[in-house]
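protein-v6.txt (compact mmCIF, C-alpha atoms)
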# COMPACT_ATOMS: atom_id res chain seq x y z
CA MET A 1 21.58 -81.20 -10.14
CA ALA A 2 22.77 -79.40 -13.26
CA ASP A 3 26.26 -77.99 -13.21
CA GLY A 4 27.08 -74.36 -14.08
CA GLY A 5 27.70 -75.10 -17.75
CA GLU A 6 24.31 -76.74 -18.18
CA LEU A 7 22.53 -73.85 -16.39
CA GLN A 8 24.34 -71.29 -18.51
CA GLU A 9 23.32 -73.13 -21.66
CA ALA A 10 19.68 -73.40 -20.47
CA TRP A 11 19.41 -69.74 -19.45
CA SER A 12 21.12 -68.28 -22.49
CA GLY A 13 18.20 -69.11 -24.76
CA GLU A 14 15.66 -67.54 -22.41
CA LEU A 15 17.52 -64.44 -21.29
CA PHE A 16 19.15 -63.58 -24.58
CA PRO A 17 16.79 -64.76 -27.38
CA ALA A 18 18.01 -64.40 -30.91
CA LYS A 19 16.76 -61.23 -32.65
CA PRO A 20 14.16 -61.96 -35.35
CA ALA A 21 15.19 -61.20 -38.89
CA PRO A 22 13.88 -57.76 -40.01
CA LYS A 23 10.75 -57.96 -42.17
CA ALA A 24 11.21 -57.03 -45.79
CA ARG A 25 9.54 -53.76 -46.67
CA PRO A 26 6.75 -53.99 -49.24
CA HIS A 27 7.79 -53.00 -52.75
CA TYR A 28 5.57 -49.91 -52.62
CA HIS A 29 7.14 -48.56 -49.41
CA GLY A 30 7.67 -44.81 -49.84
CA HIS A 31 5.89 -44.74 -53.20
CA ARG A 32 3.21 -42.32 -52.02
CA ASP A 33 5.76 -39.80 -50.78
CA ARG A 34 7.78 -40.12 -53.98
CA LEU A 35 4.71 -39.54 -56.15
CA ARG A 36 3.65 -36.55 -54.07
CA ASP A 37 7.18 -35.09 -54.23
CA ARG A 38 7.32 -35.58 -58.00
CA THR A 39 3.95 -33.89 -58.41
CA ARG A 40 4.95 -30.94 -56.24
CA ALA A 41 8.11 -30.50 -58.31
CA GLY A 42 6.64 -31.00 -61.78
CA GLY A 43 2.91 -30.28 -61.44
CA PHE A 44 -0.07 -32.36 -62.49
CA SER A 45 0.22 -31.96 -66.25
CA GLY A 46 2.99 -34.53 -66.60
CA LEU A 47 1.14 -37.27 -64.75
CA PRO A 48 -0.45 -40.09 -66.75
CA ASP A 49 -4.09 -40.74 -65.95
CA TYR A 50 -3.38 -43.69 -63.64
CA GLU A 51 -0.97 -41.66 -61.46
CA PHE A 52 -3.44 -38.80 -61.19
CA LEU A 53 -6.02 -41.36 -60.10
CA GLU A 54 -3.53 -42.82 -57.62
CA LEU A 55 -3.06 -39.44 -55.97
CA TYR A 56 -6.80 -39.06 -55.60
CA LEU A 57 -7.27 -42.57 -54.23
CA PHE A 58 -4.65 -41.96 -51.53
CA ARG A 59 -7.37 -40.07 -49.66
CA THR A 60 -9.98 -42.78 -49.99
CA ILE A 61 -7.62 -45.69 -49.27
CA PRO A 62 -5.11 -44.35 -46.71
CA ARG A 63 -2.86 -47.46 -46.65
CA GLY A 64 -1.52 -49.92 -49.17
CA ASP A 65 -0.65 -49.87 -52.83
CA VAL A 66 -3.40 -48.30 -54.97
CA LYS A 67 -1.45 -48.32 -58.23
CA PRO A 68 -2.91 -51.68 -59.35
CA LEU A 69 -6.43 -50.40 -58.67
CA ALA A 70 -5.81 -47.15 -60.56
CA LYS A 71 -4.43 -49.07 -63.53
CA ALA A 72 -7.34 -51.54 -63.43
CA LEU A 73 -9.84 -48.68 -63.55
CA ILE A 74 -8.09 -47.03 -66.51
CA THR A 75 -7.89 -50.38 -68.34
CA ARG A 76 -11.58 -51.10 -67.72
CA PHE A 77 -12.92 -47.68 -68.74
CA GLY A 78 -10.23 -46.47 -71.15
CA SER A 79 -9.29 -43.13 -69.62
CA LEU A 80 -9.74 -40.93 -66.57
CA PRO A 81 -12.88 -39.29 -68.06
CA GLY A 82 -14.16 -42.80 -68.79
CA VAL A 83 -13.66 -43.79 -65.14
CA LEU A 84 -15.48 -40.70 -63.89
CA GLY A 85 -18.30 -41.18 -66.38
CA ALA A 86 -18.96 -44.76 -65.28
CA SER A 87 -21.91 -45.46 -63.02
CA VAL A 88 -21.49 -46.60 -59.42
CA ASP A 89 -22.56 -50.13 -60.38
CA GLU A 90 -20.09 -50.20 -63.28
CA LEU A 91 -17.25 -48.96 -61.07
CA LYS A 92 -17.95 -51.68 -58.51
CA THR A 93 -17.33 -54.38 -61.13
CA VAL A 94 -13.62 -53.59 -60.74
CA VAL A 95 -12.00 -55.62 -57.96
CA GLY A 96 -11.08 -53.31 -55.10
CA VAL A 97 -13.83 -50.75 -55.71
CA GLY A 98 -16.39 -50.58 -52.94
CA ASP A 99 -18.97 -48.00 -51.97
CA ALA A 100 -16.42 -45.50 -50.64
CA VAL A 101 -14.20 -45.56 -53.74
CA ALA A 102 -17.19 -45.40 -56.12
CA LEU A 103 -18.71 -42.46 -54.23
CA ASP A 104 -15.45 -40.51 -54.17
CA LEU A 105 -14.94 -41.03 -57.91
CA LYS A 106 -18.45 -39.75 -58.63
CA LEU A 107 -17.71 -36.81 -56.33
CA LEU A 108 -14.72 -35.94 -58.51
CA GLN A 109 -16.94 -36.05 -61.61
CA GLU A 110 -19.51 -33.80 -59.94
CA ALA A 111 -16.78 -31.30 -59.06
CA ALA A 112 -15.68 -31.21 -62.71
CA LEU A 113 -19.29 -30.68 -63.83
CA ARG A 114 -19.82 -27.82 -61.41
CA VAL A 115 -16.62 -26.11 -62.51
CA GLY A 116 -17.72 -26.43 -66.14
CA LYS A 117 -21.21 -25.21 -65.35
CA SER A 118 -19.84 -22.11 -63.64
CA ALA A 119 -18.30 -21.09 -66.97
CA VAL A 120 -21.71 -20.97 -68.69
CA ILE A 121 -24.02 -19.82 -65.90
CA LYS A 122 -24.96 -16.14 -65.42
CA ARG A 123 -23.83 -15.21 -68.91
CA PRO A 124 -25.37 -15.59 -72.37
CA VAL A 125 -24.89 -19.27 -73.10
CA ILE A 126 -24.99 -18.89 -76.88
CA SER A 127 -22.09 -16.41 -76.80
CA SER A 128 -19.70 -18.83 -75.07
CA SER A 129 -19.81 -21.83 -77.38
CA SER A 130 -16.39 -23.19 -76.38
CA ALA A 131 -17.30 -23.20 -72.66
CA LEU A 132 -20.66 -24.79 -73.46
CA SER A 133 -19.03 -27.46 -75.60
CA ALA A 134 -16.52 -28.26 -72.83
CA TYR A 135 -19.31 -28.49 -70.28
CA VAL A 136 -21.53 -30.87 -72.26
CA ARG A 137 -18.55 -33.06 -73.14
CA THR A 138 -17.67 -33.38 -69.45
CA ALA A 139 -21.27 -34.26 -68.68
CA LEU A 140 -22.00 -36.70 -71.50
CA ALA A 141 -19.04 -37.81 -73.60
CA HIS A 142 -18.41 -40.97 -71.56
CA GLU A 143 -21.97 -41.90 -70.62
CA ALA A 144 -22.61 -45.57 -71.40
CA ARG A 145 -26.29 -44.98 -72.19
CA GLU A 146 -27.94 -42.35 -74.34
CA GLN A 147 -29.18 -39.40 -72.34
CA PHE A 148 -31.32 -36.46 -73.43
CA ARG A 149 -30.84 -33.14 -71.62
CA VAL A 150 -32.27 -29.68 -72.05
CA LEU A 151 -30.63 -26.37 -71.16
CA PHE A 152 -33.42 -23.94 -70.29
CA LEU A 153 -32.59 -20.28 -70.95
CA ASP A 154 -34.18 -16.98 -69.92
CA LYS A 155 -34.80 -13.90 -72.08
CA LYS A 156 -31.13 -12.94 -71.80
CA ASN A 157 -30.10 -16.45 -72.90
CA GLN A 158 -28.70 -17.15 -69.45
CA LEU A 159 -28.97 -20.64 -68.01
CA ILE A 160 -31.97 -21.27 -65.78
CA ALA A 161 -31.55 -25.03 -65.49
CA ASP A 162 -29.83 -28.03 -67.05
CA GLU A 163 -32.06 -31.07 -66.67
CA VAL A 164 -31.97 -34.67 -67.80
CA MET A 165 -35.31 -35.30 -69.52
CA ASN A 166 -34.77 -38.96 -70.26
CA HIS A 167 -32.33 -41.87 -70.05
CA GLY A 168 -32.30 -44.54 -72.69
CA THR A 169 -30.34 -47.49 -74.02
CA VAL A 170 -26.97 -47.61 -75.74
CA ASP A 171 -28.48 -46.15 -78.91
CA HIS A 172 -31.82 -44.54 -78.09
CA ALA A 173 -33.38 -42.16 -75.56
CA PRO A 174 -37.09 -41.50 -76.08
CA VAL A 175 -38.01 -37.80 -76.23
CA TYR A 176 -41.49 -36.34 -75.86
CA PRO A 177 -41.80 -32.77 -77.20
CA ARG A 178 -44.85 -32.04 -75.03
CA GLU A 179 -42.87 -32.93 -71.87
CA VAL A 180 -40.02 -30.68 -72.95
CA MET A 181 -42.42 -27.77 -73.53
CA ARG A 182 -44.32 -28.40 -70.31
CA ARG A 183 -41.08 -28.12 -68.34
CA ALA A 184 -40.04 -25.01 -70.29
CA LEU A 185 -43.32 -23.33 -69.31
CA GLU A 186 -42.88 -24.32 -65.66
CA LEU A 187 -39.45 -22.67 -65.65
CA SER A 188 -40.62 -19.64 -67.67
CA ALA A 189 -37.91 -20.42 -70.21
CA SER A 190 -37.72 -18.35 -73.39
CA ALA A 191 -35.31 -20.61 -75.27
CA LEU A 192 -33.78 -24.07 -75.16
CA ILE A 193 -30.60 -25.84 -76.17
CA LEU A 194 -31.11 -29.56 -76.69
CA VAL A 195 -28.27 -31.94 -75.82
CA HIS A 196 -27.88 -35.68 -76.14
CA ASN A 197 -25.02 -38.14 -76.43
CA HIS A 198 -24.02 -40.97 -78.73
CA PRO A 199 -22.36 -43.72 -76.63
CA SER A 200 -20.80 -45.07 -79.85
CA GLY A 201 -18.46 -42.07 -79.73
CA ASP A 202 -19.45 -40.61 -83.13
CA PRO A 203 -21.41 -37.36 -82.66
CA THR A 204 -22.77 -37.31 -86.21
CA PRO A 205 -26.56 -36.64 -86.01
CA SER A 206 -28.78 -39.48 -87.20
CA GLY A 207 -31.96 -39.20 -89.23
CA ALA A 208 -33.95 -39.87 -86.06
CA ASP A 209 -32.08 -37.03 -84.30
CA VAL A 210 -33.03 -34.63 -87.08
CA GLN A 211 -36.71 -35.67 -87.05
CA MET A 212 -36.96 -35.42 -83.28
CA THR A 213 -35.39 -31.96 -83.32
CA ARG A 214 -37.86 -30.71 -85.93
CA GLU A 215 -40.76 -31.94 -83.80
CA ILE A 216 -39.46 -30.02 -80.77
CA VAL A 217 -38.85 -26.90 -82.85
CA GLU A 218 -42.43 -27.09 -84.14
CA ALA A 219 -43.82 -27.61 -80.62
CA GLY A 220 -41.90 -24.57 -79.38
CA ARG A 221 -42.95 -22.31 -82.23
CA SER A 222 -46.58 -22.05 -81.13
CA LEU A 223 -45.44 -21.23 -77.58
CA ARG A 224 -42.81 -18.72 -78.75
CA ILE A 225 -40.05 -20.80 -77.22
CA ALA A 226 -36.96 -20.78 -79.43
CA ILE A 227 -34.63 -23.74 -79.96
CA HIS A 228 -31.17 -22.24 -80.32
CA ASP A 229 -29.28 -25.44 -81.04
CA HIS A 230 -29.09 -29.18 -80.62
CA LEU A 231 -25.71 -30.52 -79.56
CA VAL A 232 -24.80 -34.18 -80.06
CA VAL A 233 -21.95 -35.30 -77.82
CA GLY A 234 -19.57 -38.19 -78.39
CA ARG A 235 -16.07 -39.13 -77.34
CA ASP A 236 -14.92 -37.86 -80.74
CA GLY A 237 -16.34 -34.36 -80.25
CA VAL A 238 -19.53 -32.30 -80.28
CA ALA A 239 -21.75 -31.78 -83.34
CA SER A 240 -23.92 -28.64 -83.53
CA PHE A 241 -27.15 -28.72 -85.55
CA LYS A 242 -26.86 -24.96 -86.00
CA ALA A 243 -23.31 -25.18 -87.33
CA LEU A 244 -24.31 -28.03 -89.64
CA GLY A 245 -27.27 -26.05 -90.99
CA LEU A 246 -29.79 -28.68 -89.91
CA PHE A 247 -32.34 -26.11 -88.70

Exercise: express the given structure as structure tokens:
Amino acid sequence: MADGGELQEAWSGELFPAKPAPKARPHYHGHRDRLRDRTRAGGFSGLPDYEFLELYLFRTIPRGDVKPLAKALITRFGSLPGVLGASVDELKTVVGVGDAVALDLKLLQEAALRVGKSAVIKRPVISSSSALSAYVRTALAHEAREQFRVLFLDKKNQLIADEVMNHGTVDHAPVYPREVMRRALELSASALILVHNHPSGDPTPSGADVQMTREIVEAGRSLRIAIHDHLVVGRDGVASFKALGLF
């Protein structure tokens, strides 16, 4: 039979176990609150792109450190507009981006497009060139493939529709003047503004751009559909055929 000392020694480990050492907090503990507080105090304008993206991703990924993911996205696509302009498949090449993150990023791009579109809709488009330029840059400046769009206008030069007529490769999007005119007639459009992008970044019109534009102008002439301008969009800016005297 064990004496009192042995029992006390045996029971002490069971009744009074040693407290486990406290777990170390992750390095990002409190980071979300600090970033939110800093943004509330100083506004959004002082945030670098990756921190703005972090704030947005807090809602998609409610726990954990999203700073590495935000930085990886900026590194991969060059800027916040580059991230938003990437396709869902391109976004998902970044480790940590799944369907939910990709969808939410495209949602942010769509919100920016709709805000820009509201600045040119229900008013004469040709009289608000700066708003139009901002809108088409948001839509196309960071597209990885060439895209041809048409802005269809009514008799008051107000926007009826903005439609993508064709997608292409990194340096070419086939355009068919008859298809453009067919759609213009369906919409009862009186005038058009042509828009396409140069994924290279340089918006300077090419010889092929000039020839294609002349063909569309000629097709519209017989139908009394005017071509007000052709805008070429690149990361470096927007080139206007009208401003350059190309037609």

Q | Near-A:Asp104 list (12 Å; only C-alpha atoms; drop same-chain fewer than 5 positions) as JSON, numbers by chain | A | {"A": [53, 56, 57, 58, 59, 60, 61, 83, 84, 88, 91, 97, 98, 99, 109, 110, 111]}

Filtering to C-alpha atoms, could you give me those residues as a CSV table (one decimal), keeping the file's coordinate frame?
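result_4.csv, freshly written:
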chain,number,residue,atom,x,y,z
A,53,LEU,CA,-6.0,-41.4,-60.1
A,56,TYR,CA,-6.8,-39.1,-55.6
A,57,LEU,CA,-7.3,-42.6,-54.2
A,58,PHE,CA,-4.6,-42.0,-51.5
A,59,ARG,CA,-7.4,-40.1,-49.7
A,60,THR,CA,-10.0,-42.8,-50.0
A,61,ILE,CA,-7.6,-45.7,-49.3
A,83,VAL,CA,-13.7,-43.8,-65.1
A,84,LEU,CA,-15.5,-40.7,-63.9
A,88,VAL,CA,-21.5,-46.6,-59.4
A,91,LEU,CA,-17.2,-49.0,-61.1
A,97,VAL,CA,-13.8,-50.8,-55.7
A,98,GLY,CA,-16.4,-50.6,-52.9
A,99,ASP,CA,-19.0,-48.0,-52.0
A,109,GLN,CA,-16.9,-36.0,-61.6
A,110,GLU,CA,-19.5,-33.8,-59.9
A,111,ALA,CA,-16.8,-31.3,-59.1

Q: For atom CA of A:Ser79 and atom CA of A:Asp209, determine how far apart the two atoms are, in Å to one decimal place.
A: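 Answer for the atom CA of A:Ser79 to atom CA of A:Asp209 separation: 27.8 Å.
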
(Q) What does the structure give for the distance between atom CA of A:Lys155 and atom CA of A:Ala139, in Å to one decimal? (A) 24.7 Å

Q. If you measure from atom CA of A:Asp37 to atom CA of A:Ile74, what distance in Å do you get, rounded to one decimal?
A. 22.9 Å

Q.
I need the residue nearest A:Arg149 from this list: A:Glu186, A:Leu105, A:Ser128, A:Val233. Use all atoms listed in the file for the distance.
A. A:Val233

Q | Contacts of A:Gly85 within 12 Å, only C-alpha atoms, excl. fewer than 3 positions in-chain, as a PyMOL selection string | A | chain A and resi 73-74+77-82+88-91+102+105-110+112-113+137-145+199+235

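When all atoms listed in the file are used to measure the gap to A:Leu132, the shortest distance among A:Arg34, A:Val238, A:Arg183, A:Thr93 belongs to A:Val238.
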
Let me have the centre and edge lengths of the axis-aligned box enclosing all listed atoms of stretch 88-102 of chain A with 4 Å padding on every side, in Å to one decimal, as AutoDock Vina command-line options.
--center_x -16.8 --center_y -50.5 --center_z -57.0 --size_x 19.5 --size_y 18.2 --size_z 20.6

Q.
Using all atoms listed in the file for the distances, tell me which of A:Val180, A:Ala134, A:Leu223, A:Val125 is nearest to A:Lys156.
A.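 The closest residue to A:Lys156 is A:Val125.
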
Could you list as a PDB file with C-alpha atoms, in the frame of the given file every residue that has an atom within 6 Å of (-26.4, -22.0, -70.6), using the file's coordinates and counting all atoms listed in the file?
ATOM      1  CA  VAL A 120     -21.710 -20.970 -68.690  1.00  0.00           C
ATOM      2  CA  ILE A 121     -24.020 -19.820 -65.900  1.00  0.00           C
ATOM      3  CA  VAL A 125     -24.890 -19.270 -73.100  1.00  0.00           C
ATOM      4  CA  GLN A 158     -28.700 -17.150 -69.450  1.00  0.00           C
ATOM      5  CA  LEU A 159     -28.970 -20.640 -68.010  1.00  0.00           C
TER       6      LEU A 159
END

Q: Quick one: everything within 12 Å of A:Arg38, counting all atoms listed in the file, minus sequence neighbours fewer than 6 positions away in the same chain. Send it as a VMD selection string.
A: chain A and resid 31 to 32 44 to 47 51 to 52 55

Any chance you could build stretch 74-89 of chain A out to N, CA, C and O atoms and write it as a PDB file, keeping the file's coordinate frame?
ATOM      1  N   ILE A  74      -8.396 -47.618 -65.203  1.00  0.00           N
ATOM      2  CA  ILE A  74      -8.090 -47.030 -66.510  1.00  0.00           C
ATOM      3  C   ILE A  74      -8.242 -48.080 -67.607  1.00  0.00           C
ATOM      4  O   ILE A  74      -8.781 -47.808 -68.689  1.00  0.00           O
ATOM      5  N   THR A  75      -7.765 -49.294 -67.352  1.00  0.00           N
ATOM      6  CA  THR A  75      -7.890 -50.380 -68.340  1.00  0.00           C
ATOM      7  C   THR A  75      -9.355 -50.694 -68.615  1.00  0.00           C
ATOM      8  O   THR A  75      -9.764 -50.867 -69.764  1.00  0.00           O
ATOM      9  N   ARG A  76     -10.157 -50.746 -67.566  1.00  0.00           N
ATOM     10  CA  ARG A  76     -11.580 -51.100 -67.720  1.00  0.00           C
ATOM     11  C   ARG A  76     -12.367 -50.035 -68.469  1.00  0.00           C
ATOM     12  O   ARG A  76     -13.200 -50.345 -69.326  1.00  0.00           O
ATOM     13  N   PHE A  77     -12.089 -48.748 -68.190  1.00  0.00           N
ATOM     14  CA  PHE A  77     -12.920 -47.680 -68.740  1.00  0.00           C
ATOM     15  C   PHE A  77     -12.191 -46.802 -69.767  1.00  0.00           C
ATOM     16  O   PHE A  77     -12.784 -45.874 -70.304  1.00  0.00           O
ATOM     17  N   GLY A  78     -10.927 -47.098 -70.040  1.00  0.00           N
ATOM     18  CA  GLY A  78     -10.230 -46.470 -71.150  1.00  0.00           C
ATOM     19  C   GLY A  78      -9.486 -45.190 -70.882  1.00  0.00           C
ATOM     20  O   GLY A  78      -8.498 -44.896 -71.552  1.00  0.00           O
ATOM     21  N   SER A  79      -9.920 -44.416 -69.907  1.00  0.00           N
ATOM     22  CA  SER A  79      -9.290 -43.130 -69.620  1.00  0.00           C
ATOM     23  C   SER A  79      -9.831 -42.611 -68.293  1.00  0.00           C
ATOM     24  O   SER A  79     -10.792 -43.156 -67.740  1.00  0.00           O
ATOM     25  N   LEU A  80      -9.230 -41.532 -67.798  1.00  0.00           N
ATOM     26  CA  LEU A  80      -9.740 -40.930 -66.570  1.00  0.00           C
ATOM     27  C   LEU A  80     -11.169 -40.414 -66.758  1.00  0.00           C
ATOM     28  O   LEU A  80     -12.033 -40.679 -65.911  1.00  0.00           O
ATOM     29  N   PRO A  81     -11.478 -39.690 -67.854  1.00  0.00           N
ATOM     30  CA  PRO A  81     -12.880 -39.290 -68.060  1.00  0.00           C
ATOM     31  C   PRO A  81     -13.817 -40.493 -68.143  1.00  0.00           C
ATOM     32  O   PRO A  81     -14.962 -40.430 -67.679  1.00  0.00           O
ATOM     33  N   GLY A  82     -13.346 -41.593 -68.720  1.00  0.00           N
ATOM     34  CA  GLY A  82     -14.160 -42.800 -68.790  1.00  0.00           C
ATOM     35  C   GLY A  82     -14.447 -43.369 -67.409  1.00  0.00           C
ATOM     36  O   GLY A  82     -15.559 -43.838 -67.135  1.00  0.00           O
ATOM     37  N   VAL A  83     -13.460 -43.320 -66.521  1.00  0.00           N
ATOM     38  CA  VAL A  83     -13.660 -43.790 -65.140  1.00  0.00           C
ATOM     39  C   VAL A  83     -14.701 -42.923 -64.449  1.00  0.00           C
ATOM     40  O   VAL A  83     -15.634 -43.420 -63.815  1.00  0.00           O
ATOM     41  N   LEU A  84     -14.565 -41.610 -64.582  1.00  0.00           N
ATOM     42  CA  LEU A  84     -15.480 -40.700 -63.890  1.00  0.00           C
ATOM     43  C   LEU A  84     -16.888 -40.767 -64.470  1.00  0.00           C
ATOM     44  O   LEU A  84     -17.868 -40.526 -63.764  1.00  0.00           O
ATOM     45  N   GLY A  85     -16.997 -41.088 -65.751  1.00  0.00           N
ATOM     46  CA  GLY A  85     -18.300 -41.180 -66.380  1.00  0.00           C
ATOM     47  C   GLY A  85     -19.028 -42.479 -66.116  1.00  0.00           C
ATOM     48  O   GLY A  85     -20.228 -42.597 -66.388  1.00  0.00           O
ATOM     49  N   ALA A  86     -18.328 -43.469 -65.565  1.00  0.00           N
ATOM     50  CA  ALA A  86     -18.960 -44.760 -65.280  1.00  0.00           C
ATOM     51  C   ALA A  86     -19.930 -44.636 -64.108  1.00  0.00           C
ATOM     52  O   ALA A  86     -19.748 -43.813 -63.211  1.00  0.00           O
ATOM     53  N   SER A  87     -20.950 -45.463 -64.122  1.00  0.00           N
ATOM     54  CA  SER A  87     -21.910 -45.460 -63.020  1.00  0.00           C
ATOM     55  C   SER A  87     -21.311 -46.145 -61.797  1.00  0.00           C
ATOM     56  O   SER A  87     -20.286 -46.845 -61.888  1.00  0.00           O
ATOM     57  N   VAL A  88     -21.950 -45.953 -60.654  1.00  0.00           N
ATOM     58  CA  VAL A  88     -21.490 -46.600 -59.420  1.00  0.00           C
ATOM     59  C   VAL A  88     -21.458 -48.116 -59.591  1.00  0.00           C
ATOM     60  O   VAL A  88     -20.487 -48.784 -59.206  1.00  0.00           O
ATOM     61  N   ASP A  89     -22.510 -48.673 -60.181  1.00  0.00           N
ATOM     62  CA  ASP A  89     -22.560 -50.130 -60.380  1.00  0.00           C
ATOM     63  C   ASP A  89     -21.445 -50.604 -61.304  1.00  0.00           C
ATOM     64  O   ASP A  89     -20.851 -51.665 -61.079  1.00  0.00           O
TER      65      ASP A  89
END
